[in-house]
Amino acid sequence: MAYWLMKSEPDAYGWADLVRDGEGYWDGVRNNAAAGHIKAMQPGDLALFYHSNIGLEAVGIMEIVAPAEPDRTDESGRWVAVRVRPVRALPRPVSLKAIKAEPRLADIAMIRQSRLSVVPVSDAHWAVLMEMAGL
C-alpha cells in the first residue's frame, strides 16, 4: 500500500462534498508530475484530503478505489483521474503551519513540491501525520 496527499480547494470540492457523495472522481489534474502520481495509485492506497487555498489543512483520509483512468474532463485524452472514497475525517486537522513546524516532516514532498496537487507520502511521514491528527 502507498500513501498520498491530494489537494482540493474546499469551495470547489471539499471533504464534506466527498463524504456527501460517498465516492469522488479526482479529475482536473494538469501537471505531468502530479498525473504520474495518479497513474501510480492502486486500489487500497490511502490519501490525505488536503484543503488548499482555504483552510490549508489535511482534514480526512480517502481510499483509492480503482486504478487511474482517462480524465473525462480532458478532451485531449492526455490526462488521468482516479476514483476515491472517504475513509474517515481526521480527529484533528493537520495544518500547513503545523506540518512546516514539525522537524520530522522537513523533507515531505508537499513542502518540497508545494505547487503539486498530488504528492506521495512516505510511510514515515504518514505515521507522523497520523500522530499529529490524533490517530
# chains A, B, ... in the order shown; residues from 1 in each chain; ligands from 1

$ select_by_dssp --residues "chain A" --states "strand (DSSP E)" --output "ChimeraX atom specification"
/A:3-8,24-26,46-51,57-64,69-70,80-95,118-121

$ residues_around --residues "Asn53 (chain A)" --least-positions-apart "3" --cutoff "12 Å" --atoms "only C-alpha atoms" --output "ChimeraX atom specification"
/A:7-14,50,56-58,95-96,114-115,117

$ write_last_selection --atoms "N, CA and C atoms" --output "PDB file, in the first residue's frame"
ATOM      1  N   LYS A   7      -4.645  17.527  -2.949  1.00  0.00           N
ATOM      2  CA  LYS A   7      -5.156  18.854  -2.596  1.00  0.00           C
ATOM      3  C   LYS A   7      -6.383  19.208  -3.430  1.00  0.00           C
ATOM      4  N   SER A   8      -7.338  19.844  -2.765  1.00  0.00           N
ATOM      5  CA  SER A   8      -8.507  20.378  -3.451  1.00  0.00           C
ATOM      6  C   SER A   8      -8.936  21.651  -2.746  1.00  0.00           C
ATOM      7  N   GLU A   9      -9.408  22.595  -3.510  1.00  0.00           N
ATOM      8  CA  GLU A   9      -9.934  23.819  -2.920  1.00  0.00           C
ATOM      9  C   GLU A   9     -11.321  23.504  -2.359  1.00  0.00           C
ATOM     10  N   PRO A  10     -11.533  23.714  -1.064  1.00  0.00           N
ATOM     11  CA  PRO A  10     -12.795  23.299  -0.459  1.00  0.00           C
ATOM     12  C   PRO A  10     -14.029  24.019  -0.997  1.00  0.00           C
ATOM     13  N   ASP A  11     -13.848  25.201  -1.587  1.00  0.00           N
ATOM     14  CA  ASP A  11     -15.006  25.876  -2.174  1.00  0.00           C
ATOM     15  C   ASP A  11     -15.343  25.314  -3.558  1.00  0.00           C
ATOM     16  N   ALA A  12     -14.428  24.526  -4.140  1.00  0.00           N
ATOM     17  CA  ALA A  12     -14.698  23.844  -5.407  1.00  0.00           C
ATOM     18  C   ALA A  12     -15.185  22.411  -5.141  1.00  0.00           C
ATOM     19  N   TYR A  13     -14.446  21.664  -4.322  1.00  0.00           N
ATOM     20  CA  TYR A  13     -14.838  20.318  -3.908  1.00  0.00           C
ATOM     21  C   TYR A  13     -14.073  20.011  -2.635  1.00  0.00           C
ATOM     22  N   GLY A  14     -14.776  19.985  -1.524  1.00  0.00           N
ATOM     23  CA  GLY A  14     -14.155  19.779  -0.230  1.00  0.00           C
ATOM     24  C   GLY A  14     -14.468  18.418   0.362  1.00  0.00           C
ATOM     25  N   TYR A  50      -6.518  17.179   1.476  1.00  0.00           N
ATOM     26  CA  TYR A  50      -5.957  18.436   1.962  1.00  0.00           C
ATOM     27  C   TYR A  50      -6.727  19.606   1.355  1.00  0.00           C
ATOM     28  N   LEU A  56      -6.052  25.381   4.401  1.00  0.00           N
ATOM     29  CA  LEU A  56      -4.660  24.920   4.383  1.00  0.00           C
ATOM     30  C   LEU A  56      -4.408  23.854   5.438  1.00  0.00           C
ATOM     31  N   GLU A  57      -5.172  22.754   5.333  1.00  0.00           N
ATOM     32  CA  GLU A  57      -5.019  21.681   6.310  1.00  0.00           C
ATOM     33  C   GLU A  57      -5.510  20.360   5.744  1.00  0.00           C
ATOM     34  N   ALA A  58      -4.886  19.277   6.223  1.00  0.00           N
ATOM     35  CA  ALA A  58      -5.360  17.932   5.918  1.00  0.00           C
ATOM     36  C   ALA A  58      -6.547  17.668   6.831  1.00  0.00           C
ATOM     37  N   SER A  95      -2.669  21.271  10.051  1.00  0.00           N
ATOM     38  CA  SER A  95      -2.481  22.492   9.273  1.00  0.00           C
ATOM     39  C   SER A  95      -1.123  22.519   8.577  1.00  0.00           C
ATOM     40  N   LEU A  96      -1.055  23.309   7.522  1.00  0.00           N
ATOM     41  CA  LEU A  96       0.214  23.516   6.831  1.00  0.00           C
ATOM     42  C   LEU A  96       1.247  24.100   7.789  1.00  0.00           C
ATOM     43  N   SER A 114       5.606  22.187  -3.440  1.00  0.00           N
ATOM     44  CA  SER A 114       4.368  22.778  -2.921  1.00  0.00           C
ATOM     45  C   SER A 114       3.336  23.102  -3.997  1.00  0.00           C
ATOM     46  N   ARG A 115       3.733  23.203  -5.240  1.00  0.00           N
ATOM     47  CA  ARG A 115       2.784  23.540  -6.305  1.00  0.00           C
ATOM     48  C   ARG A 115       2.019  22.316  -6.811  1.00  0.00           C
ATOM     49  N   SER A 117      -0.507  19.223  -6.850  1.00  0.00           N
ATOM     50  CA  SER A 117      -1.771  18.926  -6.173  1.00  0.00           C
ATOM     51  C   SER A 117      -1.865  17.480  -5.704  1.00  0.00           C
TER      52      SER A 117
END

$ residues_around --residues "Leu5 (chain A)" --least-positions-apart "3" --cutoff "6 Å" --atoms "only C-alpha atoms" --output "list of chain:residue names"
A:Ala47, A:Leu48, A:Val118, A:Val119

$ closest_residue --among "A:Ala34, A:Val82, A:Leu46, A:Ile61" --to "Ser122 (chain A)" --atoms "only C-alpha atoms"
A:Leu46

$ closest_atom_pairs --of "region 69-133 of chain A" --to "region 19-29 of chain A" --cutoff "6 Å" --atoms "only C-alpha atoms" --output "CSV"
residue,atom,partner,partner_atom,distance
A:Asp71,CA,A:Asp27,CA,5.9
A:Ala81,CA,A:Asp27,CA,4.6
A:Val82,CA,A:Trp26,CA,5.2
A:Arg83,CA,A:Tyr25,CA,4.6
A:Val84,CA,A:Gly24,CA,5.2
A:Arg85,CA,A:Glu23,CA,4.4
A:Pro86,CA,A:Val19,CA,5.9

$ write_last_selection --atoms "N, CA and C atoms" --output "tab-separated table (two decimals), in the first residue's frame"
chain	number	residue	atom	x	y	z
A	71	ASP	N	-9.19	10.95	-17.83
A	71	ASP	CA	-9.94	12.04	-17.22
A	71	ASP	C	-11.03	12.48	-18.19
A	81	ALA	N	-7.49	10.50	-14.22
A	81	ALA	CA	-8.23	10.77	-12.98
A	81	ALA	C	-8.28	9.47	-12.20
A	82	VAL	N	-8.73	9.57	-10.95
A	82	VAL	CA	-8.84	8.38	-10.11
A	82	VAL	C	-10.08	8.52	-9.23
A	83	ARG	N	-10.68	7.39	-8.92
A	83	ARG	CA	-11.86	7.41	-8.03
A	83	ARG	C	-11.41	7.16	-6.59
A	84	VAL	N	-12.03	7.90	-5.67
A	84	VAL	CA	-11.68	7.83	-4.24
A	84	VAL	C	-12.97	7.74	-3.42
A	85	ARG	N	-12.82	7.23	-2.22
A	85	ARG	CA	-13.94	7.22	-1.28
A	85	ARG	C	-13.44	7.68	0.08
A	86	PRO	N	-14.30	8.33	0.86
A	86	PRO	CA	-13.87	8.77	2.18
A	86	PRO	C	-13.73	7.58	3.13

$ closest_residue --among "A:Asn31, A:His125, A:Met110, A:Ala68" --to "Pro43 (chain A)" --atoms "only C-alpha atoms"
A:Ala68

$ residues_around --residues "Lys97 (chain A)" --least-positions-apart "4" --cutoff "12 Å" --atoms "only C-alpha atoms" --output "list in words"
Gly55, Leu56, Glu57, Ala58, Pro93, Ala101, Glu102, Pro103, Leu105, Ala106 and Ile111 of chain A

$ write_last_selection --atoms "C-alpha atoms" --output "mmCIF file, in the first residue's frame"
data_model
loop_
_atom_site.group_PDB
_atom_site.id
_atom_site.type_symbol
_atom_site.label_atom_id
_atom_site.label_comp_id
_atom_site.auth_asym_id
_atom_site.auth_seq_id
_atom_site.Cartn_x
_atom_site.Cartn_y
_atom_site.Cartn_z
ATOM 1 C CA GLY A 55 -8.102 26.192 5.400
ATOM 2 C CA LEU A 56 -4.660 24.920 4.383
ATOM 3 C CA GLU A 57 -5.019 21.681 6.310
ATOM 4 C CA ALA A 58 -5.360 17.932 5.918
ATOM 5 C CA PRO A 93 -6.992 18.567 11.126
ATOM 6 C CA ALA A 101 6.903 23.300 12.099
ATOM 7 C CA GLU A 102 7.395 19.537 12.538
ATOM 8 C CA PRO A 103 11.102 18.657 12.051
ATOM 9 C CA LEU A 105 8.385 16.407 8.076
ATOM 10 C CA ALA A 106 11.143 18.740 6.864
ATOM 11 C CA ILE A 111 6.686 21.134 1.126
#

$ closest_residue --among "A:Ile99, A:Ile54, A:Ala35, A:Leu90" --to "Pro70 (chain A)" --atoms "only C-alpha atoms"
A:Ala35

$ decode --residues "region 17-66 of chain A" --atoms "N, CA and C atoms" --output "JSON list (two decimals), in the first residue's frame"
[["chain", "number", "residue", "atom", "x", "y", "z"],
["A", 17, "ASP", "N", -18.05, 17.47, 0.62],
["A", 17, "ASP", "CA", -18.62, 17.04, -0.65],
["A", 17, "ASP", "C", -18.34, 15.56, -0.90],
["A", 18, "LEU", "N", -17.10, 15.14, -0.62],
["A", 18, "LEU", "CA", -16.75, 13.73, -0.81],
["A", 18, "LEU", "C", -17.56, 12.85, 0.13],
["A", 19, "VAL", "N", -17.70, 13.26, 1.37],
["A", 19, "VAL", "CA", -18.49, 12.48, 2.33],
["A", 19, "VAL", "C", -19.93, 12.38, 1.86],
["A", 20, "ARG", "N", -20.49, 13.49, 1.42],
["A", 20, "ARG", "CA", -21.87, 13.51, 0.92],
["A", 20, "ARG", "C", -22.04, 12.57, -0.27],
["A", 21, "ASP", "N", -21.06, 12.60, -1.20],
["A", 21, "ASP", "CA", -21.16, 11.81, -2.43],
["A", 21, "ASP", "C", -20.86, 10.34, -2.20],
["A", 22, "GLY", "N", -20.06, 10.02, -1.19],
["A", 22, "GLY", "CA", -19.71, 8.63, -0.92],
["A", 22, "GLY", "C", -18.57, 8.11, -1.78],
["A", 23, "GLU", "N", -18.39, 8.69, -2.95],
["A", 23, "GLU", "CA", -17.28, 8.37, -3.83],
["A", 23, "GLU", "C", -17.04, 9.60, -4.70],
["A", 24, "GLY", "N", -15.78, 9.88, -4.96],
["A", 24, "GLY", "CA", -15.44, 11.05, -5.77],
["A", 24, "GLY", "C", -14.58, 10.66, -6.95],
["A", 25, "TYR", "N", -14.59, 11.53, -7.93],
["A", 25, "TYR", "CA", -13.81, 11.37, -9.16],
["A", 25, "TYR", "C", -12.78, 12.49, -9.15],
["A", 26, "TRP", "N", -11.50, 12.16, -8.87],
["A", 26, "TRP", "CA", -10.44, 13.16, -8.73],
["A", 26, "TRP", "C", -9.90, 13.49, -10.11],
["A", 27, "ASP", "N", -10.40, 14.57, -10.67],
["A", 27, "ASP", "CA", -10.04, 14.94, -12.03],
["A", 27, "ASP", "C", -9.46, 16.35, -12.08],
["A", 28, "GLY", "N", -9.15, 16.79, -13.27],
["A", 28, "GLY", "CA", -8.68, 18.15, -13.46],
["A", 28, "GLY", "C", -7.20, 18.38, -13.21],
["A", 29, "VAL", "N", -6.46, 17.32, -12.94],
["A", 29, "VAL", "CA", -5.01, 17.46, -12.69],
["A", 29, "VAL", "C", -4.33, 17.66, -14.04],
["A", 30, "ARG", "N", -3.62, 18.79, -14.15],
["A", 30, "ARG", "CA", -2.98, 19.13, -15.43],
["A", 30, "ARG", "C", -1.50, 19.44, -15.24],
["A", 31, "ASN", "N", -0.83, 18.58, -14.51],
["A", 31, "ASN", "CA", 0.60, 18.69, -14.29],
["A", 31, "ASN", "C", 1.18, 17.30, -14.49],
["A", 32, "ASN", "N", 2.26, 17.20, -15.26],
["A", 32, "ASN", "CA", 2.83, 15.89, -15.58],
["A", 32, "ASN", "C", 3.25, 15.10, -14.35],
["A", 33, "ALA", "N", 3.91, 15.75, -13.41],
["A", 33, "ALA", "CA", 4.36, 15.04, -12.21],
["A", 33, "ALA", "C", 3.17, 14.55, -11.38],
["A", 34, "ALA", "N", 2.18, 15.40, -11.18],
["A", 34, "ALA", "CA", 1.00, 15.01, -10.40],
["A", 34, "ALA", "C", 0.24, 13.89, -11.13],
["A", 35, "ALA", "N", 0.13, 13.99, -12.45],
["A", 35, "ALA", "CA", -0.55, 12.94, -13.22],
["A", 35, "ALA", "C", 0.22, 11.62, -13.11],
["A", 36, "GLY", "N", 1.54, 11.69, -13.07],
["A", 36, "GLY", "CA", 2.34, 10.48, -12.88],
["A", 36, "GLY", "C", 2.05, 9.83, -11.54],
["A", 37, "HIS", "N", 1.84, 10.64, -10.52],
["A", 37, "HIS", "CA", 1.48, 10.10, -9.20],
["A", 37, "HIS", "C", 0.11, 9.41, -9.27],
["A", 38, "ILE", "N", -0.84, 10.03, -9.96],
["A", 38, "ILE", "CA", -2.16, 9.42, -10.09],
["A", 38, "ILE", "C", -2.05, 8.07, -10.81],
["A", 39, "LYS", "N", -1.23, 8.02, -11.85],
["A", 39, "LYS", "CA", -1.04, 6.77, -12.59],
["A", 39, "LYS", "C", -0.44, 5.68, -11.71],
["A", 40, "ALA", "N", 0.33, 6.05, -10.70],
["A", 40, "ALA", "CA", 0.97, 5.08, -9.81],
["A", 40, "ALA", "C", 0.03, 4.57, -8.72],
["A", 41, "MET", "N", -1.10, 5.22, -8.52],
["A", 41, "MET", "CA", -2.02, 4.82, -7.45],
["A", 41, "MET", "C", -2.66, 3.48, -7.76],
["A", 42, "GLN", "N", -2.88, 2.73, -6.68],
["A", 42, "GLN", "CA", -3.52, 1.42, -6.78],
["A", 42, "GLN", "C", -4.70, 1.33, -5.81],
["A", 43, "PRO", "N", -5.70, 0.54, -6.15],
["A", 43, "PRO", "CA", -6.80, 0.36, -5.20],
["A", 43, "PRO", "C", -6.28, -0.08, -3.84],
["A", 44, "GLY", "N", -6.81, 0.53, -2.80],
["A", 44, "GLY", "CA", -6.38, 0.23, -1.44],
["A", 44, "GLY", "C", -5.37, 1.23, -0.90],
["A", 45, "ASP", "N", -4.71, 1.99, -1.77],
["A", 45, "ASP", "CA", -3.83, 3.06, -1.30],
["A", 45, "ASP", "C", -4.67, 4.07, -0.52],
["A", 46, "LEU", "N", -4.02, 4.76, 0.39],
["A", 46, "LEU", "CA", -4.70, 5.79, 1.19],
["A", 46, "LEU", "C", -4.13, 7.17, 0.85],
["A", 47, "ALA", "N", -4.99, 8.17, 0.95],
["A", 47, "ALA", "CA", -4.56, 9.54, 0.65],
["A", 47, "ALA", "C", -5.17, 10.50, 1.66],
["A", 48, "LEU", "N", -4.40, 11.49, 2.03],
["A", 48, "LEU", "CA", -4.93, 12.58, 2.83],
["A", 48, "LEU", "C", -5.66, 13.55, 1.93],
["A", 49, "PHE", "N", -6.83, 13.98, 2.35],
["A", 49, "PHE", "CA", -7.58, 15.02, 1.64],
["A", 49, "PHE", "C", -7.15, 16.33, 2.28],
["A", 50, "TYR", "N", -6.52, 17.18, 1.48],
["A", 50, "TYR", "CA", -5.96, 18.44, 1.96],
["A", 50, "TYR", "C", -6.73, 19.61, 1.36],
["A", 51, "HIS", "N", -7.25, 20.46, 2.21],
["A", 51, "HIS", "CA", -7.93, 21.67, 1.75],
["A", 51, "HIS", "C", -6.89, 22.74, 1.42],
["A", 52, "SER", "N", -6.77, 23.08, 0.15],
["A", 52, "SER", "CA", -5.82, 24.11, -0.28],
["A", 52, "SER", "C", -6.52, 25.45, -0.39],
["A", 53, "ASN", "N", -5.74, 26.49, -0.40],
["A", 53, "ASN", "CA", -6.20, 27.88, -0.52],
["A", 53, "ASN", "C", -7.05, 28.34, 0.66],
["A", 54, "ILE", "N", -8.09, 27.62, 1.00],
["A", 54, "ILE", "CA", -8.94, 27.96, 2.15],
["A", 54, "ILE", "C", -8.75, 26.85, 3.18],
["A", 55, "GLY", "N", -8.31, 27.20, 4.36],
["A", 55, "GLY", "CA", -8.10, 26.19, 5.40],
["A", 55, "GLY", "C", -6.67, 25.75, 5.53],
["A", 56, "LEU", "N", -6.05, 25.38, 4.40],
["A", 56, "LEU", "CA", -4.66, 24.92, 4.38],
["A", 56, "LEU", "C", -4.41, 23.85, 5.44],
["A", 57, "GLU", "N", -5.17, 22.75, 5.33],
["A", 57, "GLU", "CA", -5.02, 21.68, 6.31],
["A", 57, "GLU", "C", -5.51, 20.36, 5.74],
["A", 58, "ALA", "N", -4.89, 19.28, 6.22],
["A", 58, "ALA", "CA", -5.36, 17.93, 5.92],
["A", 58, "ALA", "C", -6.55, 17.67, 6.83],
["A", 59, "VAL", "N", -7.65, 17.19, 6.24],
["A", 59, "VAL", "CA", -8.89, 17.06, 7.01],
["A", 59, "VAL", "C", -9.46, 15.65, 7.03],
["A", 60, "GLY", "N", -9.02, 14.78, 6.12],
["A", 60, "GLY", "CA", -9.59, 13.44, 6.08],
["A", 60, "GLY", "C", -8.70, 12.46, 5.36],
["A", 61, "ILE", "N", -9.08, 11.19, 5.46],
["A", 61, "ILE", "CA", -8.38, 10.10, 4.79],
["A", 61, "ILE", "C", -9.32, 9.50, 3.75],
["A", 62, "MET", "N", -8.78, 9.32, 2.54],
["A", 62, "MET", "CA", -9.52, 8.70, 1.45],
["A", 62, "MET", "C", -8.83, 7.40, 1.04],
["A", 63, "GLU", "N", -9.59, 6.54, 0.41],
["A", 63, "GLU", "CA", -9.03, 5.32, -0.18],
["A", 63, "GLU", "C", -9.16, 5.40, -1.69],
["A", 64, "ILE", "N", -8.13, 4.99, -2.38],
["A", 64, "ILE", "CA", -8.18, 4.88, -3.84],
["A", 64, "ILE", "C", -8.99, 3.62, -4.15],
["A", 65, "VAL", "N", -10.04, 3.74, -4.97],
["A", 65, "VAL", "CA", -10.91, 2.59, -5.20],
["A", 65, "VAL", "C", -10.75, 1.93, -6.56],
["A", 66, "ALA", "N", -10.01, 2.57, -7.47],
["A", 66, "ALA", "CA", -9.79, 1.99, -8.79],
["A", 66, "ALA", "C", -8.51, 2.57, -9.37]]
